[in-house]
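**Q** So here's query.cif, just mmCIF, N, CA and C atoms, pLDDT in the B column; chains and numbers go by the auth columns:
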```cif
data_run
#
loop_
_atom_site.group_PDB
_atom_site.id
_atom_site.type_symbol
_atom_site.label_atom_id
_atom_site.label_comp_id
_atom_site.label_asym_id
_atom_site.label_seq_id
_atom_site.Cartn_x
_atom_site.Cartn_y
_atom_site.Cartn_z
_atom_site.B_iso_or_equiv
_atom_site.auth_seq_id
_atom_site.auth_asym_id
ATOM 1 N N MET A 1 -28.530 -8.472 7.350 40.00 251 W
ATOM 2 C CA MET A 1 -28.884 -7.330 6.540 40.00 251 W
ATOM 3 C C MET A 1 -28.371 -6.031 7.163 40.00 251 W
ATOM 4 N N ASN A 2 -28.450 -5.923 8.481 40.00 252 W
ATOM 5 C CA ASN A 2 -27.961 -4.714 9.146 40.00 252 W
ATOM 6 C C ASN A 2 -26.454 -4.544 8.979 40.00 252 W
ATOM 7 N N ILE A 3 -25.717 -5.656 8.933 45.00 253 W
ATOM 8 C CA ILE A 3 -24.268 -5.569 8.741 45.00 253 W
ATOM 9 C C ILE A 3 -23.957 -4.973 7.374 45.00 253 W
ATOM 10 N N LEU A 4 -24.678 -5.386 6.355 43.00 254 W
ATOM 11 C CA LEU A 4 -24.462 -4.831 5.021 43.00 254 W
ATOM 12 C C LEU A 4 -24.764 -3.350 4.984 43.00 254 W
ATOM 13 N N ARG A 5 -25.826 -2.935 5.623 42.00 255 W
ATOM 14 C CA ARG A 5 -26.167 -1.510 5.655 42.00 255 W
ATOM 15 C C ARG A 5 -25.121 -0.709 6.408 42.00 255 W
ATOM 16 N N THR A 6 -24.651 -1.240 7.531 44.00 256 W
ATOM 17 C CA THR A 6 -23.644 -0.539 8.319 44.00 256 W
ATOM 18 C C THR A 6 -22.361 -0.370 7.521 44.00 256 W
ATOM 19 N N ASN A 7 -21.891 -1.431 6.872 46.00 257 W
ATOM 20 C CA ASN A 7 -20.661 -1.337 6.088 46.00 257 W
ATOM 21 C C ASN A 7 -20.820 -0.394 4.913 46.00 257 W
ATOM 22 N N LYS A 8 -21.948 -0.433 4.246 46.00 258 W
ATOM 23 C CA LYS A 8 -22.182 0.466 3.122 46.00 258 W
ATOM 24 C C LYS A 8 -22.203 1.913 3.604 46.00 258 W
ATOM 25 N N HIS A 9 -22.868 2.171 4.719 46.00 259 W
ATOM 26 C CA HIS A 9 -22.935 3.516 5.274 46.00 259 W
ATOM 27 C C HIS A 9 -21.545 3.984 5.707 46.00 259 W
ATOM 28 N N ASP A 10 -20.786 3.093 6.347 48.00 260 W
ATOM 29 C CA ASP A 10 -19.449 3.446 6.816 48.00 260 W
ATOM 30 C C ASP A 10 -18.536 3.809 5.640 48.00 260 W
ATOM 31 N N HIS A 11 -18.669 3.103 4.521 47.00 261 W
ATOM 32 C CA HIS A 11 -17.838 3.396 3.353 47.00 261 W
ATOM 33 C C HIS A 11 -18.071 4.822 2.860 47.00 261 W
ATOM 34 N N HIS A 12 -19.314 5.281 2.875 53.00 262 W
ATOM 35 C CA HIS A 12 -19.616 6.631 2.405 53.00 262 W
ATOM 36 C C HIS A 12 -19.124 7.696 3.371 53.00 262 W
ATOM 37 N N GLU A 13 -18.898 7.322 4.615 78.00 263 W
ATOM 38 C CA GLU A 13 -18.426 8.277 5.604 78.00 263 W
ATOM 39 C C GLU A 13 -16.908 8.433 5.578 78.00 263 W
ATOM 40 N N ARG A 14 -16.208 7.593 4.820 90.00 264 W
ATOM 41 C CA ARG A 14 -14.744 7.664 4.742 90.00 264 W
ATOM 42 C C ARG A 14 -14.336 8.213 3.385 90.00 264 W
ATOM 43 N N HIS A 15 -13.499 9.232 3.400 94.00 265 W
ATOM 44 C CA HIS A 15 -12.995 9.813 2.166 94.00 265 W
ATOM 45 C C HIS A 15 -11.751 10.640 2.473 94.00 265 W
ATOM 46 N N ILE A 16 -11.052 11.027 1.429 96.00 266 W
ATOM 47 C CA ILE A 16 -9.891 11.905 1.548 96.00 266 W
ATOM 48 C C ILE A 16 -10.355 13.306 1.162 96.00 266 W
ATOM 49 N N ARG A 17 -9.972 14.287 1.961 96.00 267 W
ATOM 50 C CA ARG A 17 -10.400 15.662 1.715 96.00 267 W
ATOM 51 C C ARG A 17 -9.184 16.577 1.547 96.00 267 W
ATOM 52 N N ILE A 18 -9.218 17.394 0.510 97.00 268 W
ATOM 53 C CA ILE A 18 -8.216 18.438 0.302 97.00 268 W
ATOM 54 C C ILE A 18 -8.855 19.753 0.737 97.00 268 W
ATOM 55 N N MET A 19 -8.144 20.475 1.618 97.00 269 W
ATOM 56 C CA MET A 19 -8.682 21.740 2.111 97.00 269 W
ATOM 57 C C MET A 19 -7.643 22.839 1.953 97.00 269 W
ATOM 58 N N PRO A 20 -8.065 24.003 1.425 97.00 270 W
ATOM 59 C CA PRO A 20 -7.118 25.118 1.339 97.00 270 W
ATOM 60 C C PRO A 20 -6.814 25.664 2.730 97.00 270 W
ATOM 61 N N THR A 21 -5.571 26.028 2.942 95.00 271 W
ATOM 62 C CA THR A 21 -5.167 26.690 4.181 95.00 271 W
ATOM 63 C C THR A 21 -4.597 28.045 3.784 95.00 271 W
ATOM 64 N N GLY A 22 -4.182 28.821 4.712 90.00 272 W
ATOM 65 C CA GLY A 22 -3.604 30.120 4.400 90.00 272 W
ATOM 66 C C GLY A 22 -2.280 30.025 3.660 90.00 272 W
ATOM 67 N N PHE A 23 -1.629 28.856 3.726 92.00 273 W
ATOM 68 C CA PHE A 23 -0.289 28.705 3.161 92.00 273 W
ATOM 69 C C PHE A 23 -0.175 27.573 2.151 92.00 273 W
ATOM 70 N N GLY A 24 -1.275 26.982 1.748 97.00 274 W
ATOM 71 C CA GLY A 24 -1.238 25.853 0.818 97.00 274 W
ATOM 72 C C GLY A 24 -2.494 25.015 0.983 97.00 274 W
ATOM 73 N N PHE A 25 -2.303 23.708 1.085 98.00 275 W
ATOM 74 C CA PHE A 25 -3.429 22.787 1.172 98.00 275 W
ATOM 75 C C PHE A 25 -3.127 21.685 2.181 98.00 275 W
ATOM 76 N N SER A 26 -4.147 21.288 2.937 98.00 276 W
ATOM 77 C CA SER A 26 -4.009 20.135 3.822 98.00 276 W
ATOM 78 C C SER A 26 -4.761 18.966 3.199 98.00 276 W
ATOM 79 N N VAL A 27 -4.272 17.765 3.458 97.00 277 W
ATOM 80 C CA VAL A 27 -4.903 16.541 2.984 97.00 277 W
ATOM 81 C C VAL A 27 -5.230 15.723 4.225 97.00 277 W
ATOM 82 N N THR A 28 -6.505 15.349 4.378 97.00 278 W
ATOM 83 C CA THR A 28 -6.941 14.612 5.549 97.00 278 W
ATOM 84 C C THR A 28 -7.760 13.387 5.166 97.00 278 W
ATOM 85 N N LEU A 29 -7.752 12.407 6.052 95.00 279 W
ATOM 86 C CA LEU A 29 -8.629 11.253 5.944 95.00 279 W
ATOM 87 C C LEU A 29 -9.814 11.532 6.848 95.00 279 W
ATOM 88 N N GLN A 30 -11.004 11.553 6.297 94.00 280 W
ATOM 89 C CA GLN A 30 -12.220 11.793 7.062 94.00 280 W
ATOM 90 C C GLN A 30 -12.873 10.456 7.357 94.00 280 W
ATOM 91 N N LYS A 31 -13.129 10.193 8.631 90.00 281 W
ATOM 92 C CA LYS A 31 -13.828 8.984 9.081 90.00 281 W
ATOM 93 C C LYS A 31 -15.036 9.454 9.872 90.00 281 W
ATOM 94 N N GLY A 32 -16.152 9.650 9.197 86.00 282 W
ATOM 95 C CA GLY A 32 -17.325 10.206 9.877 86.00 282 W
ATOM 96 C C GLY A 32 -17.009 11.606 10.345 86.00 282 W
ATOM 97 N N LEU A 33 -17.050 11.815 11.654 88.00 283 W
ATOM 98 C CA LEU A 33 -16.753 13.139 12.208 88.00 283 W
ATOM 99 C C LEU A 33 -15.283 13.308 12.573 88.00 283 W
ATOM 100 N N GLN A 34 -14.495 12.230 12.483 92.00 284 W
ATOM 101 C CA GLN A 34 -13.079 12.305 12.802 92.00 284 W
ATOM 102 C C GLN A 34 -12.264 12.696 11.576 92.00 284 W
ATOM 103 N N SER A 35 -11.191 13.417 11.823 92.00 285 W
ATOM 104 C CA SER A 35 -10.303 13.850 10.751 92.00 285 W
ATOM 105 C C SER A 35 -8.866 13.520 11.149 92.00 285 W
ATOM 106 N N VAL A 36 -8.145 12.828 10.243 94.00 286 W
ATOM 107 C CA VAL A 36 -6.748 12.476 10.500 94.00 286 W
ATOM 108 C C VAL A 36 -5.889 13.159 9.435 94.00 286 W
ATOM 109 N N LEU A 37 -4.963 13.982 9.868 96.00 287 W
ATOM 110 C CA LEU A 37 -4.091 14.701 8.939 96.00 287 W
ATOM 111 C C LEU A 37 -3.144 13.742 8.243 96.00 287 W
ATOM 112 N N ILE A 38 -3.103 13.811 6.920 96.00 288 W
ATOM 113 C CA ILE A 38 -2.161 13.026 6.122 96.00 288 W
ATOM 114 C C ILE A 38 -0.928 13.863 5.824 96.00 288 W
ATOM 115 N N GLY A 39 -1.139 15.129 5.454 96.00 289 W
ATOM 116 C CA GLY A 39 -0.002 15.999 5.181 96.00 289 W
ATOM 117 C C GLY A 39 -0.412 17.341 4.625 96.00 289 W
ATOM 118 N N PHE A 40 0.586 18.159 4.342 97.00 290 W
ATOM 119 C CA PHE A 40 0.398 19.487 3.766 97.00 290 W
ATOM 120 C C PHE A 40 1.105 19.558 2.416 97.00 290 W
ATOM 121 N N ALA A 41 0.618 20.412 1.532 98.00 291 W
ATOM 122 C CA ALA A 41 1.250 20.631 0.230 98.00 291 W
ATOM 123 C C ALA A 41 1.241 22.123 -0.077 98.00 291 W
ATOM 124 N N ASP A 42 2.253 22.579 -0.810 97.00 292 W
ATOM 125 C CA ASP A 42 2.366 23.991 -1.168 97.00 292 W
ATOM 126 C C ASP A 42 1.404 24.401 -2.277 97.00 292 W
ATOM 127 N N ASN A 43 1.032 23.429 -3.140 97.00 293 W
ATOM 128 C CA ASN A 43 0.145 23.770 -4.253 97.00 293 W
ATOM 129 C C ASN A 43 -0.908 22.683 -4.445 97.00 293 W
ATOM 130 N N PHE A 44 -1.926 22.994 -5.233 97.00 294 W
ATOM 131 C CA PHE A 44 -3.049 22.081 -5.418 97.00 294 W
ATOM 132 C C PHE A 44 -2.629 20.791 -6.111 97.00 294 W
ATOM 133 N N ALA A 45 -1.757 20.879 -7.111 96.00 295 W
ATOM 134 C CA ALA A 45 -1.328 19.674 -7.838 96.00 295 W
ATOM 135 C C ALA A 45 -0.645 18.680 -6.893 96.00 295 W
ATOM 136 N N ALA A 46 0.196 19.166 -6.011 97.00 296 W
ATOM 137 C CA ALA A 46 0.879 18.295 -5.055 97.00 296 W
ATOM 138 C C ALA A 46 -0.108 17.704 -4.047 97.00 296 W
ATOM 139 N N ALA A 47 -1.075 18.512 -3.614 98.00 297 W
ATOM 140 C CA ALA A 47 -2.091 18.026 -2.677 98.00 297 W
ATOM 141 C C ALA A 47 -2.959 16.955 -3.322 98.00 297 W
ATOM 142 N N LYS A 48 -3.324 17.160 -4.574 97.00 298 W
ATOM 143 C CA LYS A 48 -4.145 16.186 -5.297 97.00 298 W
ATOM 144 C C LYS A 48 -3.395 14.873 -5.469 97.00 298 W
ATOM 145 N N SER A 49 -2.130 14.944 -5.829 96.00 299 W
ATOM 146 C CA SER A 49 -1.311 13.746 -5.971 96.00 299 W
ATOM 147 C C SER A 49 -1.218 12.988 -4.650 96.00 299 W
ATOM 148 N N MET A 50 -0.960 13.698 -3.567 96.00 300 W
ATOM 149 C CA MET A 50 -0.881 13.095 -2.243 96.00 300 W
ATOM 150 C C MET A 50 -2.211 12.440 -1.860 96.00 300 W
ATOM 151 N N ALA A 51 -3.313 13.109 -2.160 96.00 301 W
ATOM 152 C CA ALA A 51 -4.639 12.602 -1.820 96.00 301 W
ATOM 153 C C ALA A 51 -4.947 11.306 -2.562 96.00 301 W
ATOM 154 N N PHE A 52 -4.649 11.247 -3.842 95.00 302 W
ATOM 155 C CA PHE A 52 -4.947 10.034 -4.607 95.00 302 W
ATOM 156 C C PHE A 52 -4.033 8.876 -4.221 95.00 302 W
ATOM 157 N N ILE A 53 -2.803 9.158 -3.850 93.00 303 W
ATOM 158 C CA ILE A 53 -1.925 8.099 -3.344 93.00 303 W
ATOM 159 C C ILE A 53 -2.492 7.541 -2.043 93.00 303 W
ATOM 160 N N ALA A 54 -2.921 8.429 -1.151 93.00 304 W
ATOM 161 C CA ALA A 54 -3.509 7.986 0.123 93.00 304 W
ATOM 162 C C ALA A 54 -4.806 7.222 -0.100 93.00 304 W
ATOM 163 N N ALA A 55 -5.613 7.656 -1.047 92.00 305 W
ATOM 164 C CA ALA A 55 -6.901 7.000 -1.315 92.00 305 W
ATOM 165 C C ALA A 55 -6.702 5.579 -1.812 92.00 305 W
ATOM 166 N N LYS A 56 -5.636 5.346 -2.564 89.00 306 W
ATOM 167 C CA LYS A 56 -5.384 4.014 -3.116 89.00 306 W
ATOM 168 C C LYS A 56 -4.662 3.096 -2.142 89.00 306 W
ATOM 169 N N THR A 57 -3.984 3.639 -1.149 79.00 307 W
ATOM 170 C CA THR A 57 -3.243 2.790 -0.226 79.00 307 W
ATOM 171 C C THR A 57 -4.107 2.299 0.925 79.00 307 W
ATOM 172 N N LYS A 58 -5.289 2.830 1.077 59.00 308 W
ATOM 173 C CA LYS A 58 -6.208 2.346 2.107 59.00 308 W
ATOM 174 C C LYS A 58 -6.859 1.054 1.628 59.00 308 W
ATOM 175 N N ARG A 59 -7.584 0.366 2.488 70.00 309 W
ATOM 176 C CA ARG A 59 -8.194 -0.920 2.137 70.00 309 W
ATOM 177 C C ARG A 59 -9.196 -0.801 0.999 70.00 309 W
ATOM 178 N N ALA A 60 -9.848 0.318 0.915 73.00 310 W
ATOM 179 C CA ALA A 60 -10.813 0.549 -0.172 73.00 310 W
ATOM 180 C C ALA A 60 -10.335 1.752 -0.977 73.00 310 W
ATOM 181 N N ASN A 61 -10.784 1.840 -2.203 84.00 311 W
ATOM 182 C CA ASN A 61 -10.454 2.996 -3.030 84.00 311 W
ATOM 183 C C ASN A 61 -11.382 4.132 -2.606 84.00 311 W
ATOM 184 N N LEU A 62 -10.877 5.066 -1.818 92.00 312 W
ATOM 185 C CA LEU A 62 -11.698 6.128 -1.245 92.00 312 W
ATOM 186 C C LEU A 62 -11.874 7.281 -2.220 92.00 312 W
ATOM 187 N N ASP A 63 -12.973 8.005 -2.069 94.00 313 W
ATOM 188 C CA ASP A 63 -13.208 9.212 -2.855 94.00 313 W
ATOM 189 C C ASP A 63 -12.298 10.330 -2.371 94.00 313 W
ATOM 190 N N VAL A 64 -11.943 11.232 -3.288 96.00 314 W
ATOM 191 C CA VAL A 64 -11.168 12.421 -2.956 96.00 314 W
ATOM 192 C C VAL A 64 -12.062 13.625 -3.206 96.00 314 W
ATOM 193 N N LEU A 65 -12.212 14.480 -2.180 96.00 315 W
ATOM 194 C CA LEU A 65 -13.090 15.644 -2.275 96.00 315 W
ATOM 195 C C LEU A 65 -12.292 16.938 -2.125 96.00 315 W
ATOM 196 N N TYR A 66 -12.701 17.946 -2.891 96.00 316 W
ATOM 197 C CA TYR A 66 -12.175 19.304 -2.748 96.00 316 W
ATOM 198 C C TYR A 66 -13.359 20.253 -2.863 96.00 316 W
ATOM 199 N N LEU A 67 -13.564 21.069 -1.842 92.00 317 W
ATOM 200 C CA LEU A 67 -14.700 21.987 -1.792 92.00 317 W
ATOM 201 C C LEU A 67 -16.019 21.252 -2.057 92.00 317 W
ATOM 202 N N GLU A 68 -16.166 20.094 -1.397 91.00 318 W
ATOM 203 C CA GLU A 68 -17.359 19.243 -1.465 91.00 318 W
ATOM 204 C C GLU A 68 -17.632 18.648 -2.842 91.00 318 W
ATOM 205 N N GLN A 69 -16.671 18.713 -3.739 94.00 319 W
ATOM 206 C CA GLN A 69 -16.808 18.118 -5.073 94.00 319 W
ATOM 207 C C GLN A 69 -15.877 16.917 -5.184 94.00 319 W
ATOM 208 N N LYS A 70 -16.398 15.816 -5.701 95.00 320 W
ATOM 209 C CA LYS A 70 -15.595 14.620 -5.902 95.00 320 W
ATOM 210 C C LYS A 70 -14.663 14.847 -7.090 95.00 320 W
ATOM 211 N N LEU A 71 -13.380 14.572 -6.882 96.00 321 W
ATOM 212 C CA LEU A 71 -12.377 14.742 -7.939 96.00 321 W
ATOM 213 C C LEU A 71 -12.107 13.416 -8.631 96.00 321 W
ATOM 214 N N LYS A 72 -11.693 13.506 -9.874 93.00 322 W
ATOM 215 C CA LYS A 72 -11.199 12.356 -10.614 93.00 322 W
ATOM 216 C C LYS A 72 -9.709 12.543 -10.787 93.00 322 W
ATOM 217 N N GLU A 73 -8.983 11.454 -10.751 87.00 323 W
ATOM 218 C CA GLU A 73 -7.523 11.534 -10.783 87.00 323 W
ATOM 219 C C GLU A 73 -7.002 12.145 -12.074 87.00 323 W
ATOM 220 N N ASP A 74 -7.667 11.899 -13.185 82.00 324 W
ATOM 221 C CA ASP A 74 -7.164 12.370 -14.473 82.00 324 W
ATOM 222 C C ASP A 74 -7.573 13.793 -14.825 82.00 324 W
ATOM 223 N N GLU A 75 -8.268 14.488 -13.958 71.00 325 W
ATOM 224 C CA GLU A 75 -8.687 15.876 -14.244 71.00 325 W
ATOM 225 C C GLU A 75 -7.634 16.856 -13.839 71.00 325 W
#
```
Would you mind writing the file's structure down as structure tokens?

**A**
Amino acid sequence: MNILRTNKHDHHERHIRIMPTGFGFSVTLQKGLQSVLIGFADNFAAAKSMAFIAAKTKRANLDVLYLEQKLKEDE
């Protein structure tokens, strides 16, 4: 039972985050408190596209967040 709880909790701690920078947007993979840079984009549309590609190429379909809001790919 503890293994199921740990895996479920770990899944919620992993997501892709889009963050505005002074010159565009960064896209990162968040693993709990760790952050791994995926790349930079000049505009939001490019950052969103990059984020959803990264979210689908990981083992699980990860959530994509921007300003703490979960994004949908078709929005």

**Q** Atom C of Gly274 of chain W and atom C of Asn311 of chain W are how many Å apart?

**A**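 The value is 23.0 Å.
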
**Q** Output the residue selection produced by the PyMOL selection byres ((chain W and resi 316) around 8) on the file above, formatted as a list in words.

**A**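 Answer for the PyMOL selection byres ((chain W and resi 316) around 8): Ile266, Arg267, Ile268, Met269, Pro270, Asp313, Val314, Leu315, Leu317, Glu318, Gln319, Lys320 and Leu321 of chain W.
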
**Q** For atom N of Val277 of chain W and atom CA of Asn293 of chain W, quote the distance in Å rounded to one decimal.

**A**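 If I compute the distance from atom N of Val277 of chain W to atom CA of Asn293 of chain W, I get 10.7 Å.
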
**Q** For the file shown, report as a ChimeraX atom specification the outcome of the PyMOL selection byres ((chain W and resi 292) around 6.5) at residue level.

**A** /W:273-275,290-291,293-294,296-297

**Q** Would you return as an MDAnalysis selection string the members of chain W that DSSP assigns to strand (DSSP E) on this structure's backbone?

**A** chainID W and resid 264:271 274:281 284:291 313:316 319:320

**Q** Calculate how many Å separate atom N of Leu312 of chain W from atom CA of Thr271 of chain W, rounding to one decimal.

**A**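 Rounded to one decimal, the two atoms are 23.2 Å apart.
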
**Q** Excluding same-chain residues fewer than 3 positions from Glu325 of chain W, what lies within 12 Å of it counting only C-alpha atoms, as a count of residues only?

**A** 7

**Q** Which of chain W end up as alpha helix (DSSP H) when DSSP is run on this backbone - answer as a list in words?

**A** Asn252, Ile253, Leu254, Arg255, Thr256, Asn257, Lys258, His259, Asp260, His261, His262, Glu263, Phe294, Ala295, Ala296, Ala297, Lys298, Ser299, Met300, Ala301, Phe302, Ile303, Ala304, Ala305, Lys306 and Thr307 of chain W

**Q** Taking 5 positions as the minimum chain separation for residues in the same chain, which residues sit within 6 Å of Glu263 of chain W when counting only N, CA and C atoms? Answer as an MDAnalysis selection string.

**A** chainID W and resid 280:282
